[in-house]
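A short write-up of the structure that comes next.
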Amino acid sequence: FHVLFHKITMGLLEFIKDYFLGFWDYETPKVMVVKNKKLGVIYRGVQFLVITYFIWYVFISQKAYQDSETRPESSVYTKMKGTALQGDHILDMVEYVRPSEGGDVISTILRREVTHNQRQGTCAEHFTVPSANCSKDADCTSREVNFDGNGQRTGRCVPYYNQTFKTCEIQTWCPIEDYAAIWEPALAEAINFTVYIKNAIHFPKFKVLRGNIKPNKRNGQKYLNKCHYNEKEHPYCPIFRLGYIAEQAREKFSELCRTGGVIGVFINWKCDLDLDPSECTPTYSFRRLDLRKNLPSSGYNFRFAKYYSKDGEEFRTLIKAFGIRLDVIVHGHAGRFSIIPTIINTVTAMTSVGICSIICDWIMLTFIDKNDIYSDRKFDDVIPTEFTISYGSNHSDLSEGVAL
Amino acid sequence: FHVLFHKITMGLLEFIKDYFLGFWDYETPKVMVVKNKKLGVIYRGVQFLVITYFIWYVFISQKAYQDSETRPESSVYTKMKGTALQGDHILDMVEYVRPSEGGDVISTILRREVTHNQRQGTCAEHFTVPSANCSKDADCTSREVNFDGNGQRTGRCVPYYNQTFKTCEIQTWCPIEDYAAIWEPALAEAINFTVYIKNAIHFPKFKVLRGNIKPNKRNGQKYLNKCHYNEKEHPYCPIFRLGYIAEQAREKFSELCRTGGVIGVFINWKCDLDLDPSECTPTYSFRRLDLRKNLPSSGYNFRFAKYYSKDGEEFRTLIKAFGIRLDVIVHGHAGRFSIIPTIINTVTAMTSVGICSIICDWIMLTFIDKNDIYSDRKFDDVIPTEFTISYGSNHSDLSEGVAL
Amino acid sequence: FHVLFHKITMGLLEFIKDYFLGFWDYETPKVMVVKNKKLGVIYRGVQFLVITYFIWYVFISQKAYQDSETRPESSVYTKMKGTALQGDHILDMVEYVRPSEGGDVISTILRREVTHNQRQGTCAEHFTVPSANCSKDADCTSREVNFDGNGQRTGRCVPYYNQTFKTCEIQTWCPIEDYAAIWEPALAEAINFTVYIKNAIHFPKFKVLRGNIKPNKRNGQKYLNKCHYNEKEHPYCPIFRLGYIAEQAREKFSELCRTGGVIGVFINWKCDLDLDPSECTPTYSFRRLDLRKNLPSSGYNFRFAKYYSKDGEEFRTLIKAFGIRLDVIVHGHAGRFSIIPTIINTVTAMTSVGICSIICDWIMLTFIDKNDIYSDRKFDDVIPTEFTISYGSNHSDLSEGVAL
């Protein structure tokens, strides 16, 4: 081991010595030039392909000369607006939008199943619940909680509301939703509800801040109060009709009213910061996010309750809400000219051109008839044993041999 | 086609045969050494630049010897604290913080516009709504819903609350907010409200878990109850004063109270896992996320309601809340020494050094006077036709030609 | 400067002229073949290592022939189910799940501390608050708000509820939580609560949509109503028992009931789109996200209130809820064969093989005894001064020198 170590050290030292002696020498590989049309055409052809690929695809299409940043910091603020008549009741934003805080996920109610005046108490279990049907108390196990049921069994068998058959009595919020819920018609007016989406992004690397609302002195606030987004007519309006969103997502609004659904609102920022900053504007796209085809339990619904109190007793209105949930998803990409990626990609391009030689070498050495001649010239065979015998004869090797 | 296929197969076979015969041969490019100071200096200069770039920028600054991971799994838990007096009412956390669950987005109310005791009914539309002003019933179309209005018109023209002029009557939650809302003064005490931010991150690749709260046996829970974050004095305290956040985001708190705003709380983790794990601590920064300058409808507000019931009739208190929304955004980057990126980047560095030759070659061949001599030596021209005529004369070619 | 510019231009022009004259020439580096076993073995060994690394690690393990996409667009919809008995009260989904909208963060209550019937008024401060204990009115500063206290001091010193000692009176929601909260027992049944997680992902680059629910005609909706996820038995069931989640996260459920906790539900998609699409299924993993060991204030709790009104006076039930927050975190990675990364990585592999020569050169030049001979043959020294003196003698240089 010591011997090896010594050898390496000595080798290094010698290498360094040689290195410094020849430090200012310039080294360049020797090149063989073959004046052969076929090879030349292949060689230039491959070079052309590689250079074209780099210039067209890497530099022009992929903008490899730019330093880029994806995933900007994004802030989304949403607000819904609209009024709908539900029977004698008016539903306004406060009632059909949840959550109220206006973040990047906002849902609006399109249809409700309302169970009024639920109170803690005992009532008959719904008849579809397994083993809920009974004829006598013994059929109902006391204190049992059926997982698919609505509450804890009391052990009694009671008439099912105003029906003639009987089910097990349970302790729960009464009356149970399955029985007492009132199916309200869908809010057809919701097709005209609007959602205002304010999005500000920040690319920390480039220190660029952009927003999706254009400050416009001419029409300003008034414009923002009246406009509705439309790709062609109003591309800078941040207010979207629910009907437009559904249409763009290729969904029937009436179908959405029935089952609910989750729709993604995609805001795409592609910013070439070498151009004018005003070119950096978002595009919007819409797509339904919850899969549907052949799927059971597709759609979107949730339950919530309003709690009231009367004479110290709490009661609630349970609402099963079917609606649209809008998930605002922001994608961003910014690029700006930078010297380092330009250099790196140029170097990579040059290196790749060098690969041409490898391919052409292989072709030359296998397909061109005179390959023996070429390879003789290309390869300088050095057979060590020969050297030791006669130093002079090393000039008679094939490649550069001087056959005097 | 068959001929070509045959040719390729034969070529491959021959190639493989040749390959195995010369399998244990070592091949190395032939190099021309030019003892020219100018070229040497350029050559070494370019080499020096490239090597310096790689060592300094790529390895030291960008830590290319490390395997890295961005986007850690992050969990944020937030909790607000504080008490404020609003008239005779005390507002506590439960009332001014929404949502209550304490995720990565939390908002606090700074100012409220409260409309008490709204009930479903009919009342006069606000006079600023287009076409709401009327003098007789015929001016108001029954069942019409104006998009900017507050409800559905009944078709009657009624006196505007206690005023002398008249507006169309609408069915909605009455009285309407625009008329009846009480503007409460801002919660000036909110400047001292605190938000406790607990953040735990996990780098799955490195199996590293970190949290922003330092377990500290000496002061422990007591310290966490009392401290307020301050970059210099208390960098490990996870409790932030709203006033401090606004100050760091360069916003006036009184202005925020007026319009509301969205402020990003950025937690930045930069972890060099080659160092001691205790070095892996987060830094915090704060920036307002909703753009402001020249923008209409800047700020942050939302509406919600509290529902009550009296004698079976539902009424509500509508609250328009202006506040600060804090969006906690976690960035993370961890790196640890790894052999594979080290190898790859070293190879890239070496390849890039090879590019020097290309540049120097070009300079040599164009600017140095004796370039003919150099290029004669560098390039070994092979003219196939000559070979076929006289094999012996191939030694008289230009590059190594022996001009005897 | 003009001279330099002129020189560059002329150089360029000459370069272009030469370039076009020799445009169809094929250039290939000259290679020296050394018939030395030792060197050959080292050379082939290094080559073998590099090629093995690329084939095995880069191409097979890392699938470098694929174009890949991470960060799919993801949509998560969650819904909880279960019923629990709390004293005489039945808690159902509406009461223990927050927020109700079912996004990617959902929390369930496991234990509650309930303060009933809080009203705005004056009452005694809790005795643990600093400087709250008093013996006379002068001990309490009027209008002072203690940060750790519960409200604004009135300046009076009053008996502490039914106790003999006194504390300062404060204006707040009375009675204060610290005194009046009722600690309810934990919902032990919650171990059987289930959470239904629907996740749909979309890889925009590949236009691939996938969901975690398998449409299954045989058992369909019925299966989804009954199954519980289990890695081995029911890997395609999207319904998770809370007990199973806690177990997989290695947490004791009883401990979670006591302090609450945040658990990450990780959905990992690894899709090789070259295989059948049915292979692209998610795996689930679970991990507690809030750090615990030695940490004060670990766990998860939040406060919310239900508001009621009686005779125009508002009162509330304040609930401090300890629970589990589930953060659904979706990771995705998809890859599909693509020609461009295949080419790029093949080129990189070939280039890296070239690095072998550099290493072997160094070894050859330092360790092999006959290195002088090799280097003479490899390096063709060109000494310019000699050229100018006698052109003919340049053939007597060392490398190909013709020792005549």
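Naming scheme: A, B, ... for chains in displayed order of the structure tokens; residues 1 onward per chain; ligands 1 onward as shown.
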Would you kindly return, as a VMD selection string, each protein, DNA or RNA residue with an atom no farther than 7 Å from any atom of B:Phe193, considering only C-alpha atoms and excluding same-chain residues fewer than 6 positions away?
-> chain B and resid 81 to 82 241 to 242
Give me the residues of chain B that have any atom at most 6 Å from an atom of chain C; for each, the nearest atom pair and the distance in Å, rounded to one decimal. Use only C-alpha atoms, sort by chain and number, and format it as a Markdown table.
```
| residue | atom | partner | partner_atom | distance |
| --- | --- | --- | --- | --- |
| B:Trp24 | CA | C:Gly40 | CA | 4.4 |
| B:Asp25 | CA | C:Lys35 | CA | 4.9 |
| B:Tyr26 | CA | C:Gly40 | CA | 4.7 |
| B:Glu27 | CA | C:Val33 | CA | 4.6 |
| B:Thr28 | CA | C:Met32 | CA | 5.3 |
| B:Pro29 | CA | C:Val31 | CA | 4.2 |
| B:Lys30 | CA | C:Lys378 | CA | 4.7 |
| B:Val31 | CA | C:Phe379 | CA | 4.8 |
| B:Met32 | CA | C:Asp380 | CA | 4.3 |
| B:Val33 | CA | C:Asp381 | CA | 4.4 |
| B:Val34 | CA | C:Val382 | CA | 4.7 |
| B:Lys35 | CA | C:Ile383 | CA | 5.0 |
| B:Ser75 | CA | C:Leu289 | CA | 6.0 |
| B:Ile90 | CA | C:Thr172 | CA | 5.4 |
| B:Val94 | CA | C:Phe304 | CA | 5.5 |
| B:Glu101 | CA | C:Phe302 | CA | 5.7 |
| B:Ala200 | CA | C:Asp290 | CA | 5.9 |
| B:Pro215 | CA | C:Leu295 | CA | 5.3 |
| B:Gln221 | CA | C:Pro296 | CA | 5.6 |
| B:Tyr308 | CA | C:Tyr308 | CA | 5.8 |
| B:Thr366 | CA | C:Gly11 | CA | 4.9 |
```
Pull the alpha helix (DSSP H) assignments for stretch 50-207 of chain C out of DSSP run on the backbone, and list those residues as number ranges by chain.
-> C: 50-52, 93-96, 177-180
How about saving the chosen residues, all heavy atoms kept, as an mmCIF file, in the first residue's frame?
```
data_model
loop_
_atom_site.group_PDB
_atom_site.id
_atom_site.type_symbol
_atom_site.label_atom_id
_atom_site.label_comp_id
_atom_site.auth_asym_id
_atom_site.auth_seq_id
_atom_site.Cartn_x
_atom_site.Cartn_y
_atom_site.Cartn_z
ATOM 1 N N VAL C 50 -18.757 3.538 -16.475
ATOM 2 C CA VAL C 50 -19.561 4.670 -16.931
ATOM 3 C C VAL C 50 -20.799 4.175 -17.685
ATOM 4 O O VAL C 50 -21.919 4.619 -17.431
ATOM 5 C CB VAL C 50 -18.710 5.607 -17.811
ATOM 6 C CG1 VAL C 50 -19.574 6.682 -18.450
ATOM 7 C CG2 VAL C 50 -17.601 6.234 -16.996
ATOM 8 N N ILE C 51 -20.597 3.204 -18.571
ATOM 9 C CA ILE C 51 -21.726 2.710 -19.352
ATOM 10 C C ILE C 51 -22.740 2.015 -18.455
ATOM 11 O O ILE C 51 -23.950 2.205 -18.584
ATOM 12 C CB ILE C 51 -21.216 1.782 -20.482
ATOM 13 C CG1 ILE C 51 -20.486 2.634 -21.533
ATOM 14 C CG2 ILE C 51 -22.374 1.032 -21.132
ATOM 15 C CD1 ILE C 51 -19.690 1.845 -22.536
ATOM 16 N N THR C 52 -22.236 1.227 -17.504
ATOM 17 C CA THR C 52 -23.129 0.550 -16.563
ATOM 18 C C THR C 52 -23.959 1.572 -15.791
ATOM 19 O O THR C 52 -25.171 1.433 -15.645
ATOM 20 C CB THR C 52 -22.307 -0.303 -15.572
ATOM 21 O OG1 THR C 52 -21.492 -1.171 -16.319
ATOM 22 C CG2 THR C 52 -23.223 -1.083 -14.643
ATOM 23 N N MET C 93 -72.022 14.502 11.578
ATOM 24 C CA MET C 93 -71.012 15.115 10.731
ATOM 25 C C MET C 93 -71.056 16.640 10.756
ATOM 26 O O MET C 93 -70.023 17.299 10.777
ATOM 27 C CB MET C 93 -71.243 14.637 9.301
ATOM 28 C CG MET C 93 -70.073 14.745 8.415
ATOM 29 S SD MET C 93 -70.613 14.429 6.733
ATOM 30 C CE MET C 93 -71.282 16.014 6.272
ATOM 31 N N VAL C 94 -72.272 17.174 10.729
ATOM 32 C CA VAL C 94 -72.427 18.623 10.647
ATOM 33 C C VAL C 94 -71.807 19.305 11.854
ATOM 34 O O VAL C 94 -71.319 20.424 11.781
ATOM 35 C CB VAL C 94 -73.922 18.975 10.521
ATOM 36 C CG1 VAL C 94 -74.134 20.464 10.574
ATOM 37 C CG2 VAL C 94 -74.477 18.393 9.239
ATOM 38 N N GLU C 95 -71.770 18.597 12.973
ATOM 39 C CA GLU C 95 -71.284 19.253 14.183
ATOM 40 C C GLU C 95 -69.821 19.031 14.465
ATOM 41 O O GLU C 95 -69.187 19.858 15.101
ATOM 42 C CB GLU C 95 -72.128 18.803 15.377
ATOM 43 C CG GLU C 95 -73.492 19.442 15.253
ATOM 44 C CD GLU C 95 -74.377 19.094 16.391
ATOM 45 O OE1 GLU C 95 -74.186 19.646 17.465
ATOM 46 O OE2 GLU C 95 -75.278 18.266 16.182
ATOM 47 N N TYR C 96 -69.296 17.901 14.048
ATOM 48 C CA TYR C 96 -67.900 17.671 14.423
ATOM 49 C C TYR C 96 -66.918 17.910 13.273
ATOM 50 O O TYR C 96 -65.709 17.836 13.475
ATOM 51 C CB TYR C 96 -67.696 16.288 15.059
ATOM 52 C CG TYR C 96 -67.993 15.109 14.197
ATOM 53 C CD1 TYR C 96 -67.146 14.740 13.172
ATOM 54 C CD2 TYR C 96 -69.127 14.332 14.422
ATOM 55 C CE1 TYR C 96 -67.421 13.655 12.385
ATOM 56 C CE2 TYR C 96 -69.406 13.240 13.639
ATOM 57 C CZ TYR C 96 -68.544 12.905 12.619
ATOM 58 O OH TYR C 96 -68.814 11.832 11.834
ATOM 59 N N GLU C 177 -64.223 31.541 29.997
ATOM 60 C CA GLU C 177 -64.048 30.136 29.624
ATOM 61 C C GLU C 177 -63.228 29.359 30.654
ATOM 62 O O GLU C 177 -63.565 28.227 31.001
ATOM 63 C CB GLU C 177 -63.353 30.080 28.251
ATOM 64 C CG GLU C 177 -63.243 28.685 27.674
ATOM 65 C CD GLU C 177 -62.332 28.627 26.460
ATOM 66 O OE1 GLU C 177 -61.591 29.602 26.224
ATOM 67 O OE2 GLU C 177 -62.368 27.623 25.751
ATOM 68 N N ASP C 178 -62.147 29.983 31.123
ATOM 69 C CA ASP C 178 -61.254 29.269 32.034
ATOM 70 C C ASP C 178 -61.994 28.756 33.271
ATOM 71 O O ASP C 178 -61.640 27.734 33.844
ATOM 72 C CB ASP C 178 -60.106 30.199 32.488
ATOM 73 C CG ASP C 178 -59.173 30.555 31.347
ATOM 74 O OD1 ASP C 178 -59.033 29.733 30.438
ATOM 75 O OD2 ASP C 178 -58.609 31.654 31.367
ATOM 76 N N TYR C 179 -63.026 29.512 33.671
ATOM 77 C CA TYR C 179 -63.768 29.107 34.850
ATOM 78 C C TYR C 179 -64.933 28.180 34.507
ATOM 79 O O TYR C 179 -65.149 27.166 35.165
ATOM 80 C CB TYR C 179 -64.311 30.357 35.569
ATOM 81 C CG TYR C 179 -65.395 30.064 36.550
ATOM 82 C CD1 TYR C 179 -65.098 29.469 37.786
ATOM 83 C CD2 TYR C 179 -66.733 30.357 36.253
ATOM 84 C CE1 TYR C 179 -66.112 29.178 38.685
ATOM 85 C CE2 TYR C 179 -67.738 30.069 37.148
ATOM 86 C CZ TYR C 179 -67.420 29.476 38.358
ATOM 87 O OH TYR C 179 -68.409 29.172 39.244
ATOM 88 N N ALA C 180 -65.664 28.516 33.429
ATOM 89 C CA ALA C 180 -66.952 27.867 33.218
ATOM 90 C C ALA C 180 -66.944 26.719 32.224
ATOM 91 O O ALA C 180 -67.961 26.034 32.069
ATOM 92 C CB ALA C 180 -67.977 28.918 32.775
#
```
Within 6 Å of stretch 56-66 of chain C, counting only C-alpha atoms, which residues qualify if same-chain residues fewer than 4 places away don't, as a PyMOL selection string?
-> chain C and resi 52+335-338+341-342
Extract the full set of strand (DSSP E or B) residues from stretch 162-327 of chain A according to DSSP on the backbone, and format it as a PyMOL selection string.
-> chain A and resi 166-174+182-183+194-203+208-211+230+234+239-241+261-272+282-288+301-310+313-327
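Once A:Ile197 and its same-chain neighbours fewer than 3 positions away are set aside, Tyr77, Thr78 and Pro238 of chain A remain within 6 Å of it when counting only C-alpha atoms.
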Hey, can you spit out that residue selection with N, CA and C atoms as a tab-separated table (two decimals), in the first residue's frame?
```tsv
chain	number	residue	atom	x	y	z
A	77	TYR	N	-57.82	36.19	-4.43
A	77	TYR	CA	-58.93	36.72	-3.65
A	77	TYR	C	-60.17	36.62	-4.52
A	78	THR	N	-61.17	35.96	-4.01
A	78	THR	CA	-62.38	35.74	-4.80
A	78	THR	C	-63.59	36.31	-4.08
A	238	PRO	N	-61.83	40.75	-14.83
A	238	PRO	CA	-61.62	39.64	-13.89
A	238	PRO	C	-62.91	39.07	-13.33
```
If we count only C-alpha atoms, what is near A:Leu275 at a cut-off of 12 Å, once residues fewer than 3 positions away on the same chain are taken out, given as a ChimeraX atom specification?
-> /A:270-272,278-281,334-337
Grab the residues selected above and save them as a tab-separated table (two decimals), in the first residue's frame with N, CA, C and O atoms.
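To be explicit, this is the file written out as result.tsv:
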```
chain	number	residue	atom	x	y	z
A	270	LYS	N	-47.55	33.35	-18.64
A	270	LYS	CA	-46.30	33.07	-19.36
A	270	LYS	C	-45.66	34.41	-19.64
A	270	LYS	O	-46.13	35.16	-20.49
A	271	CYS	N	-44.62	34.70	-18.91
A	271	CYS	CA	-44.04	36.03	-19.00
A	271	CYS	C	-42.64	35.96	-19.58
A	271	CYS	O	-41.74	35.36	-18.99
A	272	ASP	N	-42.47	36.58	-20.73
A	272	ASP	CA	-41.14	36.77	-21.30
A	272	ASP	C	-40.71	38.17	-20.90
A	272	ASP	O	-41.11	39.16	-21.49
A	278	SER	N	-45.98	44.83	-20.29
A	278	SER	CA	-47.42	44.78	-20.56
A	278	SER	C	-47.80	43.53	-21.34
A	278	SER	O	-48.98	43.21	-21.46
A	279	GLU	N	-46.80	42.81	-21.87
A	279	GLU	CA	-47.08	41.56	-22.59
A	279	GLU	C	-47.36	40.42	-21.62
A	279	GLU	O	-47.82	39.35	-22.03
A	280	CYS	N	-47.02	40.65	-20.36
A	280	CYS	CA	-47.14	39.58	-19.37
A	280	CYS	C	-48.54	39.57	-18.79
A	280	CYS	O	-48.81	40.16	-17.75
A	281	THR	N	-49.45	38.95	-19.52
A	281	THR	CA	-50.85	38.90	-19.08
A	281	THR	C	-51.29	37.45	-18.95
A	281	THR	O	-50.75	36.57	-19.62
A	334	ALA	N	-41.80	32.51	-15.85
A	334	ALA	CA	-41.17	33.75	-16.31
A	334	ALA	C	-39.75	33.46	-16.75
A	334	ALA	O	-39.08	32.59	-16.19
A	335	GLY	N	-39.32	34.15	-17.76
A	335	GLY	CA	-37.96	33.98	-18.25
A	335	GLY	C	-37.34	35.32	-18.59
A	335	GLY	O	-38.03	36.24	-19.03
A	336	ARG	N	-36.05	35.42	-18.37
A	336	ARG	CA	-35.32	36.66	-18.71
A	336	ARG	C	-33.92	36.26	-19.14
A	336	ARG	O	-33.33	35.35	-18.58
A	337	PHE	N	-33.39	36.99	-20.14
A	337	PHE	CA	-32.05	36.67	-20.64
A	337	PHE	C	-31.05	36.65	-19.51
A	337	PHE	O	-31.04	37.52	-18.65
```
Here atom CA of A:Ile182 and atom CA of A:Thr115 stand apart by 6.2 Å
Pairwise distance, atom CA of B:Glu69 with atom CA of B:Pro204, equals 8.7 Å
Record the distance separating atom CA of B:Trp183 and atom CA of A:Cys227, expressed in Å with one decimal.
-> 28.9 Å
Selected residue, from C:Gly243, C:Pro185, C:Pro159, C:Pro72, that lies nearest to C:Arg112 when counting only C-alpha atoms | C:Pro185
